[in-house]
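A.B. asks: Dropping in data.txt, with compact mmCIF, C-alpha atoms.
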```txt
# COMPACT_ATOMS: atom_id res chain seq x y z
CA MET N 1 8.38 29.87 1.06
CA THR N 2 7.30 27.48 -1.66
CA ALA N 3 5.27 24.38 -0.85
CA LEU N 4 8.33 22.16 -1.25
CA GLU N 5 10.35 24.42 1.04
CA ARG N 6 7.67 24.27 3.71
CA LEU N 7 7.42 20.51 3.46
CA GLY N 8 11.22 20.23 3.46
CA SER N 9 11.35 22.25 6.67
CA HIS N 10 8.75 19.96 8.21
CA VAL N 11 10.75 16.85 7.24
CA ALA N 12 13.98 18.28 8.62
CA ALA N 13 12.34 19.29 11.90
CA SER N 14 10.34 16.08 12.38
CA GLY N 15 11.26 14.12 15.46
CA ARG N 16 12.70 17.01 17.43
CA GLU N 17 10.08 16.16 20.01
CA ARG N 18 9.50 12.56 20.94
CA ALA N 19 6.45 11.12 19.22
CA SER N 20 3.44 10.51 21.43
CA ASP N 21 2.71 7.01 22.67
CA ALA N 22 -0.31 6.87 20.34
CA ALA N 23 1.82 7.80 17.32
CA ARG N 24 4.49 5.26 18.24
CA GLU N 25 1.87 2.56 18.64
CA LEU N 26 0.36 3.35 15.24
CA VAL N 27 3.77 3.31 13.55
CA GLU N 28 4.51 -0.05 15.15
CA LEU N 29 1.23 -1.58 13.96
CA HIS N 30 1.83 -0.42 10.40
CA LEU N 31 5.41 -1.67 10.58
CA ILE N 32 4.19 -5.14 11.63
CA ASP N 33 1.55 -5.13 8.91
CA THR N 34 3.99 -4.06 6.20
CA VAL N 35 6.65 -6.59 7.17
CA GLY N 36 3.94 -9.24 6.98
CA ALA N 37 3.05 -8.11 3.45
CA TRP N 38 6.71 -8.12 2.45
CA ILE N 39 7.22 -11.68 3.73
CA ALA N 40 3.95 -13.03 2.33
CA SER N 41 4.77 -11.83 -1.18
CA THR N 42 7.98 -13.85 -1.37
CA ARG N 43 5.94 -16.99 -2.01
CA SER N 44 4.36 -15.50 -5.16
CA VAL N 45 5.65 -15.93 -8.69
CA GLU N 46 6.34 -12.21 -8.97
CA GLY N 47 8.03 -12.11 -5.58
CA SER N 48 10.37 -14.95 -6.53
CA SER N 49 11.20 -13.10 -9.76
CA LEU N 50 12.14 -9.98 -7.82
CA LEU N 51 14.40 -11.96 -5.48
CA GLN N 52 16.06 -13.68 -8.42
CA PHE N 53 16.64 -10.34 -10.13
CA ARG N 54 18.19 -8.94 -6.96
CA ALA N 55 20.50 -11.95 -6.69
CA ALA N 56 21.61 -11.49 -10.30
CA MET N 57 22.30 -7.79 -9.80
CA ARG N 58 24.20 -8.44 -6.57
CA ALA N 59 26.39 -10.89 -8.45
CA ARG N 60 27.24 -8.07 -10.86
CA GLY N 61 28.29 -5.81 -8.02
CA GLU N 62 25.34 -3.43 -7.85
CA ARG N 63 25.18 -1.33 -4.69
CA ALA N 64 23.44 -3.52 -2.13
CA TRP N 65 21.40 -1.09 -0.06
CA ALA N 66 19.73 0.66 -3.03
CA LEU N 67 18.93 -2.71 -4.59
CA ASP N 68 17.61 -4.04 -1.28
CA LEU N 69 15.44 -0.97 -0.77
CA ALA N 70 13.91 -1.31 -4.25
CA THR N 71 13.27 -5.03 -3.83
CA ARG N 72 11.73 -4.81 -0.37
CA CYS N 73 9.39 -1.96 -1.33
CA ALA N 74 8.33 -3.88 -4.43
CA LEU N 75 7.69 -7.06 -2.41
CA ALA N 76 5.51 -5.26 0.13
CA ARG N 77 3.51 -3.47 -2.56
CA LEU N 78 2.88 -6.48 -4.81
CA SER N 79 1.32 -8.38 -1.89
CA GLU N 80 -1.92 -6.39 -2.23
CA ILE N 81 -2.35 -6.69 1.53
CA ASP N 82 -0.38 -3.52 2.30
CA ASP N 83 -2.04 -0.47 3.80
CA ILE N 84 -3.81 2.24 1.78
CA HIS N 85 -4.70 5.92 2.19
CA LEU N 86 -8.06 6.32 0.50
CA PRO N 87 -8.15 10.13 0.11
CA SER N 88 -4.88 10.15 -1.87
CA MET N 89 -5.18 6.69 -3.50
CA THR N 90 -1.65 5.90 -2.36
CA THR N 91 -0.29 2.89 -0.50
CA PRO N 92 2.35 4.54 1.66
CA GLY N 93 3.34 1.80 4.09
CA ALA N 94 4.70 -0.52 1.41
CA ILE N 95 7.07 2.18 0.18
CA VAL N 96 7.94 4.15 3.29
CA ILE N 97 8.39 1.38 5.86
CA PRO N 98 10.70 -1.05 3.99
CA GLY N 99 12.67 2.00 2.85
CA ALA N 100 13.05 3.30 6.39
CA LEU N 101 14.02 -0.12 7.78
CA THR N 102 16.55 -0.72 5.01
CA LEU N 103 18.27 2.62 5.54
CA ALA N 104 18.16 2.34 9.33
CA ALA N 105 19.89 -1.03 9.16
CA THR N 106 22.83 0.57 7.29
CA LEU N 107 23.18 3.83 9.24
CA PRO N 108 24.77 3.25 12.65
CA ALA N 109 23.84 6.65 14.07
CA VAL N 110 20.11 6.13 13.47
CA GLY N 111 17.92 5.35 16.48
CA ALA N 112 14.33 4.27 16.93
CA ASP N 113 13.06 7.84 17.32
CA ASP N 114 14.70 8.74 14.00
CA VAL N 115 12.96 5.87 12.25
CA ILE N 116 9.57 6.76 13.72
CA ALA N 117 10.02 10.36 12.58
CA ALA N 118 11.14 9.21 9.12
CA ILE N 119 8.14 6.91 8.69
CA LEU N 120 5.72 9.63 9.75
CA ALA N 121 7.42 12.13 7.44
CA GLY N 122 7.43 9.71 4.50
CA VAL N 123 3.74 8.89 4.89
CA GLU N 124 3.00 12.60 5.16
CA ALA N 125 4.92 13.35 1.97
CA MET N 126 3.40 10.54 -0.09
CA THR N 127 -0.19 11.09 0.93
CA ARG N 128 0.02 14.87 0.62
CA LEU N 129 1.43 14.61 -2.89
CA GLY N 130 -1.25 12.06 -3.74
CA ARG N 131 -3.91 14.48 -2.59
CA ALA N 132 -2.26 17.39 -4.38
CA VAL N 133 -2.42 15.57 -7.74
CA ASP N 134 -5.90 14.12 -7.01
CA GLY N 135 -4.79 10.51 -6.92
CA PRO N 136 -8.36 9.09 -6.84
CA ALA N 137 -9.07 10.77 -10.19
CA ILE N 138 -5.78 10.39 -12.04
CA LEU N 139 -5.62 6.64 -11.35
CA TYR N 140 -8.42 6.09 -13.84
CA ARG N 141 -6.52 8.15 -16.42
CA GLY N 142 -3.66 5.67 -16.18
CA ILE N 143 -1.45 7.55 -13.69
CA TRP N 144 -0.57 5.26 -10.80
CA PRO N 145 -0.49 7.52 -7.69
CA THR N 146 1.77 5.27 -5.61
CA TYR N 147 4.24 4.98 -8.48
CA PHE N 148 4.18 8.74 -8.97
CA ALA N 149 4.49 9.58 -5.27
CA GLY N 150 6.88 6.78 -4.29
CA PRO N 151 10.12 8.71 -4.99
CA PHE N 152 8.73 11.65 -3.01
CA GLY N 153 7.96 9.47 0.00
CA ILE N 154 11.38 7.80 0.04
CA ALA N 155 13.12 11.14 -0.45
CA ALA N 156 11.41 12.38 2.72
CA VAL N 157 12.40 9.22 4.62
CA ALA N 158 16.01 9.41 3.49
CA ALA N 159 16.28 13.16 4.07
CA ARG N 160 15.18 12.65 7.65
CA LEU N 161 17.47 9.68 8.29
CA PHE N 162 20.43 11.45 6.65
CA LYS N 163 19.59 14.44 8.88
CA LEU N 164 19.51 16.87 5.96
CA ASP N 165 18.69 20.47 6.80
CA ALA N 166 15.54 22.22 5.59
CA GLN N 167 17.05 23.49 2.33
CA ALA N 168 18.62 20.19 1.38
CA SER N 169 15.41 18.34 2.27
CA ALA N 170 13.44 20.63 -0.03
CA HIS N 171 15.93 19.99 -2.84
CA ALA N 172 15.63 16.23 -2.24
CA LEU N 173 11.84 16.44 -2.53
CA ALA N 174 12.03 18.59 -5.65
CA LEU N 175 14.51 16.27 -7.32
CA ALA N 176 12.38 13.25 -6.39
CA LEU N 177 9.43 14.94 -8.08
CA THR N 178 11.43 15.35 -11.28
CA LEU N 179 12.24 11.62 -11.16
CA ALA N 180 8.57 10.61 -10.78
CA ALA N 181 6.99 8.64 -13.59
CA PRO N 182 3.23 8.48 -14.14
CA ALA N 183 2.40 5.05 -15.53
CA VAL N 184 3.48 1.48 -16.17
CA GLY N 185 0.70 0.55 -18.59
CA HIS N 186 -1.50 -2.51 -18.20
CA HIS N 187 0.57 -5.47 -17.10
CA ASN N 188 -1.01 -8.85 -16.53
CA ALA N 189 1.73 -11.39 -17.20
CA ALA N 190 2.96 -13.73 -14.48
CA THR N 191 6.20 -11.74 -14.22
CA THR N 192 4.84 -8.23 -14.70
CA SER N 193 7.36 -5.40 -14.55
CA ARG N 194 4.85 -3.32 -12.57
CA TRP N 195 6.44 -4.25 -9.25
CA PHE N 196 9.98 -3.89 -10.54
CA ALA N 197 8.98 -0.39 -11.65
CA VAL N 198 7.55 0.65 -8.29
CA GLY N 199 10.68 -0.62 -6.55
CA ASN N 200 12.81 1.41 -8.92
CA ALA N 201 10.64 4.45 -8.18
CA ALA N 202 11.51 4.04 -4.51
CA ARG N 203 15.20 3.82 -5.42
CA ASN N 204 14.83 7.08 -7.36
CA GLY N 205 13.72 8.73 -4.13
CA LEU N 206 16.84 7.46 -2.39
CA ASN N 207 19.01 8.79 -5.20
CA ALA N 208 17.32 12.19 -4.92
CA ALA N 209 18.18 12.40 -1.22
CA LEU N 210 21.75 11.22 -1.80
CA ALA N 211 22.19 13.88 -4.49
CA ALA N 212 20.82 16.59 -2.20
CA GLN N 213 23.18 15.37 0.52
CA GLN N 214 26.05 16.01 -1.90
CA GLY N 215 24.88 19.52 -2.66
CA PHE N 216 22.77 19.07 -5.79
CA THR N 217 19.92 21.53 -6.04
CA CYS N 218 16.60 21.49 -7.86
CA ASP N 219 13.72 23.81 -8.71
CA ARG N 220 11.79 24.23 -5.47
CA LYS N 221 8.96 26.01 -7.33
CA LEU N 222 8.01 22.88 -9.28
CA LEU N 223 4.54 22.60 -7.80
CA GLU N 224 3.72 26.26 -8.30
CA GLY N 225 5.04 26.21 -11.88
CA ARG N 226 3.84 24.70 -15.14
CA VAL N 227 5.68 21.36 -15.03
CA LEU N 228 2.81 19.19 -13.78
CA PRO N 229 0.09 20.84 -15.93
CA ASP N 230 2.20 20.92 -19.08
CA VAL N 231 3.94 17.55 -18.80
CA PHE N 232 1.37 15.39 -16.98
CA GLY N 233 -1.88 17.24 -17.56
CA VAL N 234 -2.29 17.60 -13.79
CA THR N 235 -3.01 20.91 -12.10
CA PRO N 236 -1.90 20.36 -8.52
CA ASP N 237 -3.72 21.57 -5.46
CA VAL N 238 -0.59 23.16 -3.99
CA ALA N 239 -2.26 23.90 -0.67
CA ALA N 240 -2.86 20.17 -0.10
CA LEU N 241 0.89 19.73 0.34
CA THR N 242 1.11 21.98 3.39
CA ASP N 243 -2.35 22.70 4.85
CA GLY N 244 -2.42 21.70 8.52
CA LEU N 245 1.19 20.51 8.35
CA GLY N 246 2.27 19.39 11.80
CA GLU N 247 -1.26 19.52 13.24
CA ARG N 248 -2.10 15.87 12.58
CA PHE N 249 -0.48 12.71 11.23
CA ALA N 250 -1.62 11.39 7.87
CA LEU N 251 -0.89 7.89 9.20
CA THR N 252 -4.06 8.13 11.30
CA GLU N 253 -6.02 8.18 8.00
CA VAL N 254 -4.35 5.08 6.55
CA SER N 255 -6.38 1.86 6.32
CA PHE N 256 -5.22 -1.68 6.91
CA LYS N 257 -6.43 -4.21 4.36
CA PRO N 258 -8.40 -7.09 5.92
CA TRP N 259 -7.77 -9.57 3.09
CA CYS N 260 -6.00 -9.79 -0.29
CA ALA N 261 -7.88 -7.87 -2.99
CA ALA N 262 -8.17 -4.46 -4.57
CA ARG N 263 -9.56 -2.07 -1.98
CA GLN N 264 -12.20 -0.93 -4.50
CA THR N 265 -13.90 -4.34 -4.17
CA MET N 266 -13.96 -4.55 -0.40
CA ALA N 267 -17.03 -2.56 0.66
CA ALA N 268 -19.24 -4.62 -1.64
CA THR N 269 -17.63 -7.84 -0.45
CA GLN N 270 -18.11 -6.81 3.18
CA ALA N 271 -21.76 -6.02 2.48
CA LEU N 272 -22.30 -9.54 1.18
CA LYS N 273 -20.41 -11.01 4.13
CA ASP N 274 -22.72 -9.12 6.49
CA ILE N 275 -25.79 -10.45 4.67
CA LEU N 276 -24.47 -14.00 4.82
CA ALA N 277 -23.74 -13.58 8.53
CA SER N 278 -27.40 -12.72 9.08
CA GLY N 279 -28.34 -16.24 8.03
CA VAL N 280 -28.63 -16.18 4.24
CA ALA N 281 -27.26 -19.35 2.65
CA PRO N 282 -24.96 -18.69 -0.34
CA ALA N 283 -26.45 -21.55 -2.35
CA ALA N 284 -29.94 -20.03 -2.00
CA ILE N 285 -29.01 -16.72 -3.62
CA ASP N 286 -30.80 -16.01 -6.89
CA GLU N 287 -29.33 -12.63 -7.74
CA ILE N 288 -27.07 -9.90 -6.35
CA THR N 289 -27.08 -6.28 -7.42
CA VAL N 290 -24.08 -4.24 -6.34
CA SER N 291 -23.96 -0.44 -6.37
CA VAL N 292 -20.46 1.02 -6.46
CA LEU N 293 -18.77 4.37 -6.89
CA PRO N 294 -18.88 5.51 -10.53
CA PRO N 295 -15.08 5.93 -10.77
CA HIS N 296 -14.62 2.30 -9.64
CA LEU N 297 -17.10 0.63 -11.99
CA LYS N 298 -14.90 -0.07 -14.99
CA MET N 299 -12.01 -1.27 -12.87
CA ILE N 300 -13.96 -3.86 -10.86
CA ASP N 301 -16.87 -4.99 -13.08
CA HIS N 302 -15.36 -7.89 -15.00
CA GLY N 303 -14.63 -11.59 -14.94
CA VAL N 304 -11.33 -13.36 -14.40
CA VAL N 305 -8.65 -14.82 -16.65
CA ALA N 306 -6.73 -17.92 -15.60
CA GLY N 307 -3.17 -16.98 -14.71
CA ASP N 308 -3.96 -13.25 -14.56
CA ARG N 309 -3.57 -12.33 -10.90
CA ALA N 310 -4.78 -8.76 -11.36
CA SER N 311 -8.06 -9.90 -12.87
CA HIS N 312 -8.84 -11.97 -9.76
CA LEU N 313 -7.86 -9.22 -7.33
CA THR N 314 -9.90 -6.51 -9.08
CA SER N 315 -13.06 -8.44 -10.01
CA VAL N 316 -15.78 -7.57 -7.52
CA GLN N 317 -17.78 -10.57 -8.74
CA CYS N 318 -14.87 -12.87 -7.96
CA CYS N 319 -14.11 -11.30 -4.58
CA MET N 320 -17.75 -11.51 -3.47
CA ALA N 321 -18.19 -15.09 -4.68
CA LEU N 322 -15.00 -16.17 -2.92
CA ALA N 323 -16.29 -14.62 0.30
CA ALA N 324 -19.40 -16.76 -0.03
CA PHE N 325 -17.99 -20.12 -1.10
CA ALA N 326 -14.20 -20.12 -0.68
CA PRO N 327 -13.25 -17.47 1.89
CA GLU N 328 -9.78 -18.94 2.50
CA MET N 329 -8.79 -18.09 -1.07
CA ALA N 330 -8.93 -14.39 -0.15
CA PHE N 331 -5.92 -15.03 2.09
CA ASP N 332 -3.79 -16.41 -0.73
CA VAL N 333 -1.43 -13.69 -1.94
CA GLN N 334 -0.74 -15.51 -5.22
CA GLN N 335 -4.42 -15.67 -6.30
CA THR N 336 -3.91 -17.24 -9.71
CA PRO N 337 -5.85 -20.51 -9.49
CA ALA N 338 -5.98 -22.69 -12.59
CA ASP N 339 -9.74 -22.51 -12.23
CA LEU N 340 -12.29 -21.33 -9.70
CA PRO N 341 -14.65 -23.71 -7.90
CA PRO N 342 -17.93 -24.20 -9.80
CA ALA N 343 -19.95 -22.66 -6.95
CA VAL N 344 -17.81 -19.51 -7.13
CA ARG N 345 -18.25 -19.19 -10.89
CA GLY N 346 -21.96 -19.82 -10.51
CA LEU N 347 -22.41 -16.98 -8.02
CA MET N 348 -20.23 -14.64 -10.10
CA ALA N 349 -22.71 -15.04 -12.95
CA LYS N 350 -25.51 -13.87 -10.65
CA ILE N 351 -23.84 -10.58 -9.70
CA LYS N 352 -24.76 -7.40 -11.54
CA VAL N 353 -22.73 -4.26 -10.86
CA GLU N 354 -23.95 -0.70 -11.36
CA ALA N 355 -22.65 2.78 -10.64
CA ASP N 356 -24.49 4.97 -8.15
CA ALA N 357 -23.51 8.64 -8.00
CA ARG N 358 -25.26 8.99 -4.64
CA LEU N 359 -22.36 7.09 -3.07
CA LEU N 360 -19.99 9.95 -3.94
CA ALA N 361 -21.06 12.23 -1.08
CA ASP N 362 -17.89 11.62 0.99
CA TYR N 363 -15.61 10.31 -1.76
CA PRO N 364 -12.62 9.93 -1.75
CA ALA N 365 -12.43 9.98 2.06
CA THR N 366 -14.74 6.93 2.04
CA TRP N 367 -15.35 4.25 -0.60
CA PRO N 368 -18.85 2.89 0.09
CA ALA N 369 -20.89 0.24 -1.71
CA ARG N 370 -24.33 -1.36 -1.45
CA ALA N 371 -25.35 -4.99 -1.99
CA ARG N 372 -28.91 -6.17 -2.61
CA VAL N 373 -29.43 -9.92 -2.47
CA ALA N 374 -32.51 -11.74 -3.79
CA VAL N 375 -33.38 -15.10 -2.24
CA GLY N 376 -36.72 -16.20 -3.65
CA SER N 377 -39.20 -13.47 -2.74
CA ALA N 378 -37.00 -12.17 0.09
CA ARG N 379 -34.69 -9.18 -0.32
CA HIS N 380 -31.64 -8.39 1.80
CA GLU N 381 -29.75 -5.11 1.55
CA ARG N 382 -26.60 -3.77 3.20
CA ASP N 383 -24.72 -0.51 2.84
CA VAL N 384 -21.06 -0.53 3.86
CA THR N 385 -19.05 2.65 4.15
CA HIS N 386 -16.12 1.40 6.22
CA VAL N 387 -14.52 -2.04 6.08
CA PRO N 388 -12.53 -3.62 8.92
CA GLY N 389 -9.15 -1.92 9.05
CA ASP N 390 -10.40 1.52 8.04
CA PRO N 391 -9.79 4.33 10.55
CA ALA N 392 -13.49 4.23 11.44
CA ARG N 393 -13.20 0.46 12.12
CA PRO N 394 -9.55 0.31 13.15
CA PHE N 395 -7.43 -2.77 13.59
CA ASP N 396 -6.12 -3.16 17.11
CA ARG N 397 -2.88 -4.93 17.97
CA GLU N 398 -4.54 -8.33 18.09
CA SER N 399 -6.10 -7.85 14.64
CA VAL N 400 -2.74 -6.87 13.17
CA ARG N 401 -1.06 -9.81 14.89
CA LYS N 402 -3.62 -12.29 13.54
CA LYS N 403 -3.30 -10.91 10.03
CA PHE N 404 0.49 -11.10 10.19
CA LEU N 405 0.47 -14.74 11.26
CA ARG N 406 -2.25 -15.72 8.80
CA PHE N 407 -0.22 -14.47 5.85
CA THR N 408 3.29 -15.32 7.01
CA GLN N 409 2.87 -18.78 8.51
CA PRO N 410 2.33 -20.45 5.10
CA VAL N 411 5.67 -18.95 4.03
CA LEU N 412 7.77 -19.34 7.17
CA GLY N 413 6.04 -21.86 9.39
CA ALA N 414 4.58 -21.06 12.79
CA ASP N 415 7.83 -20.77 14.78
CA LYS N 416 9.65 -18.42 12.41
CA ALA N 417 6.56 -16.31 11.88
CA ALA N 418 6.07 -15.88 15.62
CA ARG N 419 9.75 -15.04 16.12
CA ILE N 420 9.74 -12.32 13.45
CA LEU N 421 6.46 -10.95 14.78
CA ALA N 422 8.05 -10.60 18.20
CA ARG N 423 11.08 -8.90 16.65
CA CYS N 424 8.81 -6.44 14.80
CA SER N 425 6.86 -5.73 17.96
CA GLY N 426 9.98 -4.72 19.85
CA VAL N 427 12.16 -3.10 17.20
CA LEU N 428 11.01 0.46 17.89
CA ALA N 429 12.02 0.01 21.51
CA THR N 430 15.33 -1.75 20.88
CA GLY N 431 16.43 -0.06 17.66
CA ALA N 432 17.66 -3.46 16.43
CA PHE N 433 16.85 -2.78 12.78
CA SER N 434 19.73 -4.69 11.23
CA GLN N 435 18.83 -7.78 13.26
CA LEU N 436 15.22 -7.58 12.08
CA ILE N 437 16.29 -7.22 8.45
CA ASP N 438 18.74 -10.12 8.75
CA GLU N 439 16.11 -12.39 10.27
CA ILE N 440 13.59 -11.59 7.55
CA GLU N 441 16.15 -12.12 4.81
CA GLN N 442 17.38 -15.41 6.23
CA ALA N 443 13.88 -16.79 6.75
CA CYS N 444 12.66 -15.81 3.28
CA ALA N 445 15.86 -16.97 1.57
CA VAL N 446 15.53 -20.46 3.08
CA ASP N 447 11.93 -20.60 2.01
CA ALA N 448 12.73 -19.35 -1.49
CA CYS N 449 15.41 -22.03 -1.94
CA SER N 450 13.05 -24.78 -0.79
CA ARG N 451 10.32 -23.98 -3.29
```
Step by step, read the file and then write its structure as structure tokens.
C.D. replies:
Amino acid sequence: MTALERLGSHVAASGRERASDAARELVELHLIDTVGAWIASTRSVEGSSLLQFRAAMRARGERAWALDLATRCALARLSEIDDIHLPSMTTPGAIVIPGALTLAATLPAVGADDVIAAILAGVEAMTRLGRAVDGPAILYRGIWPTYFAGPFGIAAVAARLFKLDAQASAHALALALTLAAPAVGHHNAATTSRWFAVGNAARNGLNAALAAQQGFTCDRKLLEGRVLPDVFGVTPDVAALTDGLGERFALTEVSFKPWCAARQTMAATQALKDILASGVAPAAIDEITVSVLPPHLKMIDHGVVAGDRASHLTSVQCCMALAAFAPEMAFDVQQTPADLPPAVRGLMAKIKVEADARLLADYPATWPARARVAVGSARHERDVTHVPGDPARPFDRESVRKKFLRFTQPVLGADKAARILARCSGVLATGAFSQLIDEIEQACAVDACSR
């Protein structure tokens, strides 16, 4: 069997046995977290643009469920508070979970156990493909791993929910791989097409599964052949797609994000937060030296540009200075202030960032950083390997609940946020997926109209 055939068989067979209580709990926590990201992003400029585009396309008669799937995946991903799988450099929850919920709400024969199996299968597919193409390396070549693996993840979700057999599931995965695109370029405008593109990538995965359902076939030897090396310059680790398949869930390796920022900035920011918590006053800091992973240096060592959201989210200097002087700003999904507070800009100027190859020992499974803070003659140093939300420092239900409310209450208000949280918390028991989707849509639509 080829790698795609083996993975297709796994997708088709997933859910034959009821998921363990631990697996169900983990799926539910990631579902809550992802719905929170999806809702929170609707208040952003880019989120509003996506909703307006969807409305325009609906008015022209475009098929609703494919358009909804694309929009909801894009909303969750653009939030930058969605979950992330460090070893593959993919963000599976934002793609897999809105896709699974959207399809479940339209398929009457789908139950909660089917959705749990589909989410687990989709996360498995996305993260395994991300590992196979070495996502942590190709990102810095300009290939966006989540964009590349998104169709693959949704194809697995849809194949499971459509109850495709092993052969058809393998064809769906293969076709999704042929529909994968590597890059969107550097987008930093207020209405960047980056999120539109990732939503469309998810829709491509749905189309692949629909085609396989209708009998279309595809080359199931794609990974073993020359397509990826010759077309993308990527030599895949084929074994990564199937090694240990069925022995563990990739979802157990997926991190929650504790605040809104690029994950590459978070270990350094947490190190500074730990130093400040020990009693160091931010205003007394003379200098900060930050050691980061060499692959991350270029991405995160820069200033910010007014109106450029990405520059704020990826600047380690900005993220650290906000943690010191304006921590609430890290919980603003929009993150495009007209200007930063003077104290924040002042501390940013005191932060020097350097690469340290010694931090690579467990990369990409971990993304550590070190902060050294000078306060007069005193020196304070912290190494951080795991941030809150990582599997080694996992979020429990209360942490996920608090994060959900913190990001959704500014959009919905306290009552609506609490009501949707309760609906999310029970949906895998009740199977009321269409009711959950309707409530989210109604709440966000009212808010969108009022802005």
A.B. asks: Please tabulate, as JSON lines, the residues of region 321-428 of chain N that come within 10 Å of region 18-25 of chain N, each with its closest pair of atoms and the distance in Å to one decimal, counting only C-alpha atoms and ordering rows by chain, then residue number upward.
C.D. replies:
```
{"residue": "N:Asp396", "atom": "CA", "partner": "N:Glu25", "partner_atom": "CA", "distance": 9.9}
{"residue": "N:Arg397", "atom": "CA", "partner": "N:Glu25", "partner_atom": "CA", "distance": 8.9}
{"residue": "N:Ser425", "atom": "CA", "partner": "N:Glu25", "partner_atom": "CA", "distance": 9.7}
{"residue": "N:Leu428", "atom": "CA", "partner": "N:Arg24", "partner_atom": "CA", "distance": 8.1}
```
A.B. asks: Could you please take those selected residues and save C-alpha atoms as a compact mmCIF listing (two decimals), in the frame of the given file?
C.D. replies:
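Here's the written file result08.txt:
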```txt
# COMPACT_ATOMS: atom_id res chain seq x y z
CA ASP N 396 -6.12 -3.16 17.11
CA ARG N 397 -2.88 -4.93 17.97
CA SER N 425 6.86 -5.73 17.96
CA LEU N 428 11.01 0.46 17.89
```
A.B. asks: If you measure from CA of Lys257 (chain N) to CA of Glu80 (chain N), what distance in Å do you get, rounded to one decimal?
C.D. replies: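 So the answer is 8.3 Å.
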A.B. asks: Write out as an MDAnalysis selection string each polymer residue whose atoms come within 8 Å of region 203-219 of chain N, counting only C-alpha atoms; drop sequence neighbours fewer than 2 positions from it.
C.D. replies: chainID N and resid 66:67 69:70 150:156 158:159 162 164 168:169 171:176 179:180 199:201 221:222
A.B. asks: In Å, with one decimal, what is the gap from CA of Gln442 (chain N) to CA of Arg58 (chain N)?
C.D. replies: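 We find that CA of Gln442 (chain N) and CA of Arg58 (chain N) lie 16.1 Å from each other.
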A.B. asks: From the options N:Gly99, N:Gly130, N:Pro327, N:Pro229, which residue's atoms come nearest to Ala118 (chain N), counting all atoms listed in the file?
C.D. replies: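 Among the listed residues, N:Gly99 lies closest to Ala118 (chain N).
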A.B. asks: So how far away is CA of Glu253 (chain N) from CA of Cys424 (chain N), in Å?
C.D. replies: 21.9 Å
A.B. asks: I'd like to know which of N:Gln334, N:Thr178, N:Thr269, N:Ser315 is closest to Val45 (chain N), using all atoms listed in the file.
C.D. replies: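 Using all atoms listed in the file, Val45 (chain N) sits closest to N:Gln334.
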A.B. asks: Looking at all atoms listed in the file, which of N:Ala170, N:Val238, N:Leu272, N:Cys73 is the one that sits closest to Ser9 (chain N)?
C.D. replies: N:Ala170
A.B. asks: Restricting the calculation to all atoms listed in the file: of N:His296, N:Arg309, N:Lys350, N:Arg43, which residue gets closest to Tyr363 (chain N)?
C.D. replies: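 Selected residue with least distance to Tyr363 (chain N): N:His296.
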A.B. asks: List the residues sitting within 10 Å of (0.4, -17.5, 6.5) in the file's frame, using only C-alpha atoms, as a list in words.
C.D. replies: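 Checked against the point, the hits come out as Gly36, Ile39, Ala40, Phe331, Asp332, Val333, Lys402, Lys403, Phe404, Leu405, Arg406, Phe407, Thr408, Gln409, Pro410, Val411, Leu412, Gly413, Ala414 and Ala417 of chain N.
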A.B. asks: Return the single residue from N:Glu46, N:Asp114, N:Thr2, N:Val254 that is closest to Ala392 (chain N), with distances computed using all atoms listed in the file.
C.D. replies: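 Of the candidates, the smallest distance to Ala392 (chain N) is held by N:Val254.
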A.B. asks: Which of these, N:Pro391, N:Pro108, N:Gly233, N:Pro294, has the shortest distance to Leu251 (chain N) once you count all atoms listed in the file?
C.D. replies: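 Nearest candidate to Leu251 (chain N) out of N:Pro391, N:Pro108, N:Gly233, N:Pro294: N:Pro391.
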A.B. asks: Could you list, as a short mmCIF file (atom, residue, chain, number, x, y, z; two decimals) with C-alpha atoms, in the coordinates of the input, every residue within 10 Å of Ala283 (chain N), counting all atoms listed in the file and ignoring same-chain residues fewer than 6 positions away?
C.D. replies:
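Final file, result-v7.cif:
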```cif
data_model
loop_
_atom_site.label_atom_id
_atom_site.label_comp_id
_atom_site.auth_asym_id
_atom_site.auth_seq_id
_atom_site.Cartn_x
_atom_site.Cartn_y
_atom_site.Cartn_z
CA ALA N 324 -19.40 -16.76 -0.03
CA PHE N 325 -17.99 -20.12 -1.10
CA ALA N 343 -19.95 -22.66 -6.95
CA GLY N 346 -21.96 -19.82 -10.51
CA LEU N 347 -22.41 -16.98 -8.02
CA VAL N 375 -33.38 -15.10 -2.24
#
```
